[in-house]
file structure_36.cif (mmCIF, C-alpha atoms)
data_target
loop_
_atom_site.label_atom_id
_atom_site.label_comp_id
_atom_site.auth_asym_id
_atom_site.auth_seq_id
_atom_site.Cartn_x
_atom_site.Cartn_y
_atom_site.Cartn_z
CA MET A 556 -19.83 2.57 17.95
CA LYS A 557 -17.05 -0.01 17.52
CA ARG A 558 -16.22 1.32 14.06
CA THR A 559 -16.08 4.91 15.35
CA LEU A 560 -13.73 3.88 18.17
CA ILE A 561 -11.43 2.09 15.73
CA ILE A 562 -11.28 5.17 13.49
CA ILE A 563 -10.47 7.43 16.46
CA LEU A 564 -7.75 5.11 17.78
CA VAL A 565 -6.17 4.71 14.37
CA PHE A 566 -6.23 8.45 13.74
CA VAL A 567 -4.58 9.20 17.10
CA PHE A 568 -1.93 6.55 16.47
CA THR A 569 -1.28 8.03 13.04
CA LEU A 570 -0.83 11.52 14.48
CA ILE A 571 1.64 10.20 17.07
CA SER A 572 3.60 8.42 14.34
CA CYS A 573 3.62 11.56 12.21
CA PHE A 574 4.94 13.69 15.03
CA GLY A 575 7.63 11.09 15.61
CA ILE A 576 8.78 11.33 11.99
CA ASN A 577 8.70 15.13 12.02
CA ALA A 578 10.70 15.19 15.26
CA LEU A 579 13.25 12.84 13.72
CA PHE A 580 13.59 15.12 10.70
CA GLU A 581 14.09 18.17 12.92
CA LYS A 582 16.74 16.53 15.11
CA THR A 583 18.64 15.14 12.15
CA ASN A 584 18.42 18.41 10.28
CA ALA A 585 20.27 20.12 13.10
CA VAL A 586 23.40 18.08 12.36
CA HIS A 587 22.92 17.39 8.67
CA SER A 588 21.02 19.94 6.61
CA ASN A 589 20.71 17.54 3.66
CA TYR A 590 18.73 14.89 5.56
CA ILE A 591 15.38 15.84 4.06
CA LYS A 592 16.81 15.50 0.57
CA SER A 593 17.83 11.91 1.34
CA ALA A 594 14.60 10.90 3.12
CA TYR A 595 12.50 8.14 1.65
CA SER A 596 9.90 8.81 -1.02
CA ILE A 597 6.86 6.54 -1.04
CA VAL A 598 5.70 5.41 -4.48
CA LEU A 599 2.02 4.41 -4.36
CA ASP A 600 0.86 2.00 -7.05
CA ALA A 601 -2.90 1.55 -7.50
CA GLY A 602 -2.94 -1.82 -9.23
CA HIS A 603 -4.55 -2.21 -12.66
CA GLY A 604 -6.54 0.66 -14.24
CA GLY A 605 -8.11 1.60 -17.56
CA LYS A 606 -8.89 -1.47 -19.67
CA ASP A 607 -7.31 -3.65 -17.01
CA ALA A 608 -10.03 -4.01 -14.37
CA GLY A 609 -8.21 -6.57 -12.25
CA THR A 610 -10.46 -8.81 -10.17
CA VAL A 611 -14.20 -8.45 -10.71
CA ALA A 612 -16.48 -9.32 -7.77
CA ALA A 613 -19.73 -11.24 -8.16
CA ASP A 614 -21.67 -7.97 -7.88
CA GLY A 615 -19.59 -6.32 -10.63
CA THR A 616 -17.31 -4.31 -8.35
CA LEU A 617 -13.94 -3.69 -10.06
CA GLU A 618 -10.64 -4.12 -8.27
CA LYS A 619 -9.06 -1.16 -10.07
CA ASP A 620 -11.60 1.21 -8.45
CA ILE A 621 -11.00 -0.07 -4.92
CA ASN A 622 -7.23 0.11 -5.39
CA LEU A 623 -7.42 3.71 -6.56
CA GLY A 624 -9.71 4.74 -3.69
CA ILE A 625 -7.30 3.36 -1.11
CA VAL A 626 -4.25 4.91 -2.80
CA LEU A 627 -5.79 8.38 -2.97
CA ASN A 628 -6.60 8.24 0.75
CA LEU A 629 -3.16 6.86 1.51
CA TYR A 630 -1.54 9.69 -0.43
CA ASP A 631 -3.46 12.29 1.60
CA PHE A 632 -2.57 10.68 4.95
CA LEU A 633 1.12 10.35 4.11
CA MET A 634 1.36 13.91 2.83
CA PHE A 635 -0.36 15.09 6.02
CA CYS A 636 2.41 13.30 7.95
CA GLY A 637 5.03 15.18 5.95
CA VAL A 638 6.09 12.11 3.99
CA ASN A 639 7.09 12.71 0.38
CA CYS A 640 5.09 10.45 -1.92
CA TYR A 641 4.11 9.89 -5.54
CA THR A 642 1.20 8.10 -7.21
CA ILE A 643 1.82 6.07 -10.34
CA ARG A 644 -1.78 6.67 -11.33
CA ASN A 645 -4.40 8.94 -9.75
CA GLU A 646 -7.23 8.25 -12.17
CA ASP A 647 -8.76 5.33 -14.05
CA THR A 648 -5.97 4.70 -16.53
CA GLU A 649 -3.22 2.23 -17.27
CA TYR A 650 0.26 3.71 -16.97
CA TYR A 651 1.68 4.62 -20.38
CA PRO A 652 3.75 7.83 -20.39
CA ALA A 653 4.00 9.75 -23.64
CA GLY A 654 6.06 7.87 -26.19
CA SER A 655 5.94 4.53 -24.37
CA ASN A 656 5.19 1.27 -26.17
CA LYS A 657 1.55 0.32 -25.59
CA ASN A 658 2.14 -3.16 -26.97
CA ARG A 659 3.90 -4.19 -23.76
CA SER A 660 2.50 -4.48 -20.25
CA ASP A 661 2.32 -1.24 -18.27
CA LEU A 662 4.05 -3.11 -15.44
CA TYR A 663 7.35 -2.32 -17.15
CA ASN A 664 6.48 1.39 -17.05
CA ARG A 665 5.48 1.20 -13.40
CA LEU A 666 8.79 -0.39 -12.53
CA ASP A 667 10.61 2.30 -14.52
CA PHE A 668 8.68 4.95 -12.56
CA VAL A 669 9.84 3.46 -9.25
CA ASN A 670 13.45 3.25 -10.39
CA GLU A 671 13.47 6.94 -11.35
CA ILE A 672 12.62 8.08 -7.79
CA ASN A 673 15.52 8.58 -5.39
CA ASN A 674 15.35 6.51 -2.19
CA ALA A 675 12.00 5.04 -3.16
CA ILE A 676 9.77 2.67 -1.24
CA LEU A 677 7.12 0.94 -3.34
CA VAL A 678 3.71 0.24 -1.85
CA SER A 679 1.42 -1.43 -4.39
CA ILE A 680 -2.26 -1.78 -3.53
CA HIS A 681 -4.27 -4.77 -4.77
CA GLN A 682 -7.21 -6.99 -3.84
CA ASN A 683 -7.36 -10.76 -3.62
CA HIS A 684 -9.67 -13.39 -5.13
CA PHE A 685 -10.02 -17.09 -4.47
CA ALA A 686 -12.32 -19.95 -5.40
CA ASP A 687 -13.10 -20.57 -1.73
CA THR A 688 -15.36 -17.62 -0.92
CA SER A 689 -14.77 -18.01 2.82
CA GLU A 690 -11.18 -16.74 2.50
CA TRP A 691 -10.73 -13.19 3.79
CA GLY A 692 -8.23 -10.75 5.27
CA MET A 693 -5.20 -8.66 4.38
CA GLN A 694 -1.98 -10.28 3.28
CA VAL A 695 1.25 -8.57 2.16
CA TRP A 696 3.78 -9.84 -0.37
CA TYR A 697 7.31 -8.45 -0.31
CA THR A 698 10.31 -8.43 -2.62
CA PRO A 699 13.18 -10.85 -1.93
CA ASN A 700 15.66 -8.29 -3.28
CA GLU A 701 15.73 -5.84 -0.35
CA LEU A 702 15.91 -7.29 3.16
CA SER A 703 13.99 -4.52 4.94
CA SER A 704 10.93 -5.21 2.77
CA GLU A 705 9.87 -8.03 5.08
CA PHE A 706 9.83 -5.67 8.05
CA LEU A 707 7.74 -3.17 6.06
CA ALA A 708 5.26 -5.92 5.14
CA ASN A 709 5.05 -7.15 8.74
CA SER A 710 4.58 -3.61 10.07
CA ILE A 711 1.60 -3.04 7.77
CA LEU A 712 -0.07 -6.38 8.50
CA SER A 713 0.48 -6.32 12.26
CA ILE A 714 -1.07 -2.87 12.63
CA SER A 715 -3.98 -3.89 10.42
CA LYS A 716 -4.57 -6.90 12.65
CA LEU A 717 -4.33 -4.72 15.76
CA PHE A 718 -6.83 -2.06 14.70
CA LEU A 719 -8.89 -3.45 11.85
CA GLN A 720 -8.75 -7.25 11.45
CA PRO A 721 -8.00 -8.79 14.88
CA GLU A 722 -9.15 -12.27 13.78
CA ASN A 723 -7.03 -12.30 10.61
CA GLN A 724 -4.66 -15.32 10.68
CA ARG A 725 -3.01 -14.74 7.31
CA LEU A 726 0.80 -14.56 7.01
CA ASN A 727 2.92 -12.44 4.70
CA LYS A 728 4.85 -14.08 1.87
CA VAL A 729 7.94 -13.36 -0.21
CA SER A 730 7.16 -12.76 -3.87
CA ASP A 731 8.15 -14.99 -6.75
CA SER A 732 8.24 -14.38 -10.51
CA ASN A 733 4.42 -14.23 -10.61
CA TYR A 734 4.64 -10.78 -9.02
CA TYR A 735 6.75 -9.03 -11.63
CA ILE A 736 7.04 -5.59 -10.07
CA LEU A 737 8.16 -7.08 -6.73
CA TYR A 738 10.34 -9.77 -8.25
CA LYS A 739 12.29 -7.15 -10.22
CA ALA A 740 12.26 -4.42 -7.58
CA LYS A 741 15.58 -3.08 -6.28
CA VAL A 742 14.10 -0.93 -3.52
CA PRO A 743 12.02 -1.79 -0.42
CA SER A 744 8.77 -3.00 -2.00
CA VAL A 745 5.50 -4.56 -0.86
CA MET A 746 2.18 -5.46 -2.44
CA VAL A 747 -0.72 -5.10 -0.02
CA GLU A 748 -3.59 -7.46 -0.85
CA CYS A 749 -6.14 -5.60 1.26
CA GLY A 750 -8.87 -8.25 1.19
CA PHE A 751 -10.78 -10.83 -0.83
CA MET A 752 -13.34 -9.56 -3.31
CA SER A 753 -14.53 -13.15 -3.67
CA ASN A 754 -15.78 -12.98 -0.07
CA TYR A 755 -19.26 -11.42 -0.05
CA GLU A 756 -18.97 -9.68 3.33
CA GLU A 757 -15.44 -8.42 2.79
CA ASN A 758 -16.19 -7.16 -0.72
CA ASN A 759 -19.11 -5.15 0.67
CA LYS A 760 -16.68 -3.41 3.03
CA LEU A 761 -13.87 -2.99 0.50
CA LYS A 762 -16.05 -1.01 -1.90
CA THR A 763 -17.05 1.59 0.74
CA ASP A 764 -15.17 4.85 1.19
CA ASP A 765 -15.28 4.42 4.98
CA TYR A 766 -13.43 1.10 4.95
CA GLN A 767 -10.99 2.28 2.28
CA LYS A 768 -10.04 5.14 4.60
CA GLN A 769 -9.56 2.73 7.51
CA LEU A 770 -7.28 0.55 5.38
CA ALA A 771 -5.33 3.62 4.32
CA TYR A 772 -4.95 4.66 7.99
CA THR A 773 -3.46 1.31 8.99
CA ILE A 774 -1.14 1.15 5.98
CA THR A 775 0.06 4.67 6.79
CA MET A 776 0.88 3.61 10.33
CA GLY A 777 2.75 0.57 9.05
CA ILE A 778 4.84 2.75 6.74
CA ASN A 779 5.54 5.19 9.58
CA THR A 780 6.63 2.32 11.84
CA TYR A 781 9.04 1.15 9.14
CA MET A 782 10.52 4.61 8.55
CA ASN A 783 10.93 5.35 12.27
CA LYS A 784 12.87 2.11 12.72
CA GLU A 785 14.96 2.68 9.59
#
call {"tool": "encode", "arguments": {"input": "structure_36.cif", "output": "structure tokens"}}
result
Amino acid sequence: MKRTLIIILVFVFTLISCFGINALFEKTNAVHSNYIKSAYSIVLDAGHGGKDAGTVAADGTLEKDINLGIVLNLYDFLMFCGVNCYTIRNEDTEYYPAGSNKNRSDLYNRLDFVNEINNAILVSIHQNHFADTSEWGMQVWYTPNELSSEFLANSILSISKLFLQPENQRLNKVSDSNYYILYKAKVPSVMVECGFMSNYEENNKLKTDDYQKQLAYTITMGINTYMNKE
């Protein structure tokens, strides 16, 4: 019952946010017909893929699969809201466009992809892992190179805490050189660590389609909050 109520509340909140964005587009379009062309485009990065499995849980669950599941749901929700978005990968592959050098990390290609999109916002989806298996909860890293990225990160985490993880005490952090794609980003960019696969209970939720959809709902609302403010 509690889970059903959360889903309903999140869905209603998402619809309200979507209508807010659409109304903003309509009002702005009345005075500037090129507004839609300059609106943000969300670039969704499902971390890892192909030979790169990412974190592997004790039960064999692969991070790359969870990341992709969340991104595909996130793409659908954002498109439903009328938000232009792109996926760096939409299947179980690393990202190597035709003619690219496969001897280097695909992170370089992912960053190139982001830089080729006009007015991009990068949202990279990952999962966490830690030796202490009691650690749990969403945490968002953000680039130090674009000031509004912190607000985007805080919008995503605060809404997740409100609807999905009310007991989560984790705080967002600015990225360093260990997070290449964020450290080099020149656009608003965040990496959402949705949960800890090293935590038995949280991993069991993360690998379900139901919970992946709930995470995608809350991330969508966080993005909408950011765009409405911007």
call {"tool": "resolve_selection", "arguments": {"input": "structure_36.cif", "expression": "the PyMOL selection byres ((chain A and resi 658-675) around 12)", "output": "mmCIF file with C-alpha atoms, keeping the file's coordinate frame"}}
result
data_model
loop_
_atom_site.group_PDB
_atom_site.id
_atom_site.type_symbol
_atom_site.label_atom_id
_atom_site.label_comp_id
_atom_site.auth_asym_id
_atom_site.auth_seq_id
_atom_site.Cartn_x
_atom_site.Cartn_y
_atom_site.Cartn_z
ATOM 1 C CA TYR A 590 18.730 14.890 5.560
ATOM 2 C CA ILE A 591 15.380 15.840 4.060
ATOM 3 C CA LYS A 592 16.810 15.500 0.570
ATOM 4 C CA SER A 593 17.830 11.910 1.340
ATOM 5 C CA ALA A 594 14.600 10.900 3.120
ATOM 6 C CA TYR A 595 12.500 8.140 1.650
ATOM 7 C CA SER A 596 9.900 8.810 -1.020
ATOM 8 C CA ILE A 597 6.860 6.540 -1.040
ATOM 9 C CA VAL A 598 5.700 5.410 -4.480
ATOM 10 C CA LEU A 599 2.020 4.410 -4.360
ATOM 11 C CA ASP A 600 0.860 2.000 -7.050
ATOM 12 C CA ALA A 601 -2.900 1.550 -7.500
ATOM 13 C CA GLY A 602 -2.940 -1.820 -9.230
ATOM 14 C CA HIS A 603 -4.550 -2.210 -12.660
ATOM 15 C CA GLY A 604 -6.540 0.660 -14.240
ATOM 16 C CA GLY A 605 -8.110 1.600 -17.560
ATOM 17 C CA LYS A 606 -8.890 -1.470 -19.670
ATOM 18 C CA ASP A 607 -7.310 -3.650 -17.010
ATOM 19 C CA VAL A 638 6.090 12.110 3.990
ATOM 20 C CA ASN A 639 7.090 12.710 0.380
ATOM 21 C CA CYS A 640 5.090 10.450 -1.920
ATOM 22 C CA TYR A 641 4.110 9.890 -5.540
ATOM 23 C CA THR A 642 1.200 8.100 -7.210
ATOM 24 C CA ILE A 643 1.820 6.070 -10.340
ATOM 25 C CA ARG A 644 -1.780 6.670 -11.330
ATOM 26 C CA THR A 648 -5.970 4.700 -16.530
ATOM 27 C CA GLU A 649 -3.220 2.230 -17.270
ATOM 28 C CA TYR A 650 0.260 3.710 -16.970
ATOM 29 C CA TYR A 651 1.680 4.620 -20.380
ATOM 30 C CA PRO A 652 3.750 7.830 -20.390
ATOM 31 C CA ALA A 653 4.000 9.750 -23.640
ATOM 32 C CA GLY A 654 6.060 7.870 -26.190
ATOM 33 C CA SER A 655 5.940 4.530 -24.370
ATOM 34 C CA ASN A 656 5.190 1.270 -26.170
ATOM 35 C CA LYS A 657 1.550 0.320 -25.590
ATOM 36 C CA ILE A 676 9.770 2.670 -1.240
ATOM 37 C CA LEU A 677 7.120 0.940 -3.340
ATOM 38 C CA VAL A 678 3.710 0.240 -1.850
ATOM 39 C CA SER A 679 1.420 -1.430 -4.390
ATOM 40 C CA GLU A 701 15.730 -5.840 -0.350
ATOM 41 C CA SER A 704 10.930 -5.210 2.770
ATOM 42 C CA TYR A 734 4.640 -10.780 -9.020
ATOM 43 C CA TYR A 735 6.750 -9.030 -11.630
ATOM 44 C CA ILE A 736 7.040 -5.590 -10.070
ATOM 45 C CA LEU A 737 8.160 -7.080 -6.730
ATOM 46 C CA TYR A 738 10.340 -9.770 -8.250
ATOM 47 C CA LYS A 739 12.290 -7.150 -10.220
ATOM 48 C CA ALA A 740 12.260 -4.420 -7.580
ATOM 49 C CA LYS A 741 15.580 -3.080 -6.280
ATOM 50 C CA VAL A 742 14.100 -0.930 -3.520
ATOM 51 C CA PRO A 743 12.020 -1.790 -0.420
ATOM 52 C CA SER A 744 8.770 -3.000 -2.000
ATOM 53 C CA VAL A 745 5.500 -4.560 -0.860
ATOM 54 C CA MET A 782 10.520 4.610 8.550
#
call {"tool": "closest_residue", "arguments": {"input": "structure_36.cif", "among": "A:Asn622, A:Asn783, A:Met752, A:Leu617", "to": "A:Thr688", "atoms": "only C-alpha atoms"}}
result
A:Met752
call {"tool": "atom_distance", "arguments": {"input": "structure_36.cif", "atom1": "atom CA of A:Leu629", "atom2": "atom CA of A:Leu712"}}
result
15.3 Å
call {"tool": "resolve_selection", "arguments": {"input": "structure_36.cif", "expression": "the PyMOL selection byres ((chain A and resi 719) around 10)", "output": "list in words"}}
result
Arg558, Ile561, Ile562, Val565, Gly692, Met693, Leu712, Ser713, Ile714, Ser715, Lys716, Leu717, Phe718, Gln720, Pro721, Glu722, Asn723, Tyr766, Gln769, Leu770, Tyr772 and Thr773 of chain A
call {"tool": "atom_distance", "arguments": {"input": "structure_36.cif", "atom1": "atom CA of A:Ile774", "atom2": "atom CA of A:Asp631"}}
result
12.2 Å
call {"tool": "closest_residue", "arguments": {"input": "structure_36.cif", "among": "A:Thr616, A:Ser703, A:Ser689, A:Thr698", "to": "A:Lys760", "atoms": "all atoms listed in the file"}}
result
A:Thr616
call {"tool": "resolve_selection", "arguments": {"input": "structure_36.cif", "expression": "the PyMOL selection byres ((chain A and resi 729) around 12)", "output": "JSON, numbers by chain"}}
result
{"A": [694, 695, 696, 697, 698, 699, 700, 701, 702, 703, 704, 705, 706, 707, 708, 709, 726, 727, 728, 730, 731, 732, 733, 734, 737, 738, 744, 745, 746, 747]}
call {"tool": "write_last_selection", "arguments": {"input": "structure_36.cif", "atoms": "C-alpha atoms", "output": "PDB file, in the coordinates of the input"}}
result
ATOM      1  CA  GLN A 694      -1.980 -10.280   3.280  1.00  0.00           C
ATOM      2  CA  VAL A 695       1.250  -8.570   2.160  1.00  0.00           C
ATOM      3  CA  TRP A 696       3.780  -9.840  -0.370  1.00  0.00           C
ATOM      4  CA  TYR A 697       7.310  -8.450  -0.310  1.00  0.00           C
ATOM      5  CA  THR A 698      10.310  -8.430  -2.620  1.00  0.00           C
ATOM      6  CA  PRO A 699      13.180 -10.850  -1.930  1.00  0.00           C
ATOM      7  CA  ASN A 700      15.660  -8.290  -3.280  1.00  0.00           C
ATOM      8  CA  GLU A 701      15.730  -5.840  -0.350  1.00  0.00           C
ATOM      9  CA  LEU A 702      15.910  -7.290   3.160  1.00  0.00           C
ATOM     10  CA  SER A 703      13.990  -4.520   4.940  1.00  0.00           C
ATOM     11  CA  SER A 704      10.930  -5.210   2.770  1.00  0.00           C
ATOM     12  CA  GLU A 705       9.870  -8.030   5.080  1.00  0.00           C
ATOM     13  CA  PHE A 706       9.830  -5.670   8.050  1.00  0.00           C
ATOM     14  CA  LEU A 707       7.740  -3.170   6.060  1.00  0.00           C
ATOM     15  CA  ALA A 708       5.260  -5.920   5.140  1.00  0.00           C
ATOM     16  CA  ASN A 709       5.050  -7.150   8.740  1.00  0.00           C
ATOM     17  CA  LEU A 726       0.800 -14.560   7.010  1.00  0.00           C
ATOM     18  CA  ASN A 727       2.920 -12.440   4.700  1.00  0.00           C
ATOM     19  CA  LYS A 728       4.850 -14.080   1.870  1.00  0.00           C
ATOM     20  CA  SER A 730       7.160 -12.760  -3.870  1.00  0.00           C
ATOM     21  CA  ASP A 731       8.150 -14.990  -6.750  1.00  0.00           C
ATOM     22  CA  SER A 732       8.240 -14.380 -10.510  1.00  0.00           C
ATOM     23  CA  ASN A 733       4.420 -14.230 -10.610  1.00  0.00           C
ATOM     24  CA  TYR A 734       4.640 -10.780  -9.020  1.00  0.00           C
ATOM     25  CA  LEU A 737       8.160  -7.080  -6.730  1.00  0.00           C
ATOM     26  CA  TYR A 738      10.340  -9.770  -8.250  1.00  0.00           C
ATOM     27  CA  SER A 744       8.770  -3.000  -2.000  1.00  0.00           C
ATOM     28  CA  VAL A 745       5.500  -4.560  -0.860  1.00  0.00           C
ATOM     29  CA  MET A 746       2.180  -5.460  -2.440  1.00  0.00           C
ATOM     30  CA  VAL A 747      -0.720  -5.100  -0.020  1.00  0.00           C
TER      31      VAL A 747
END
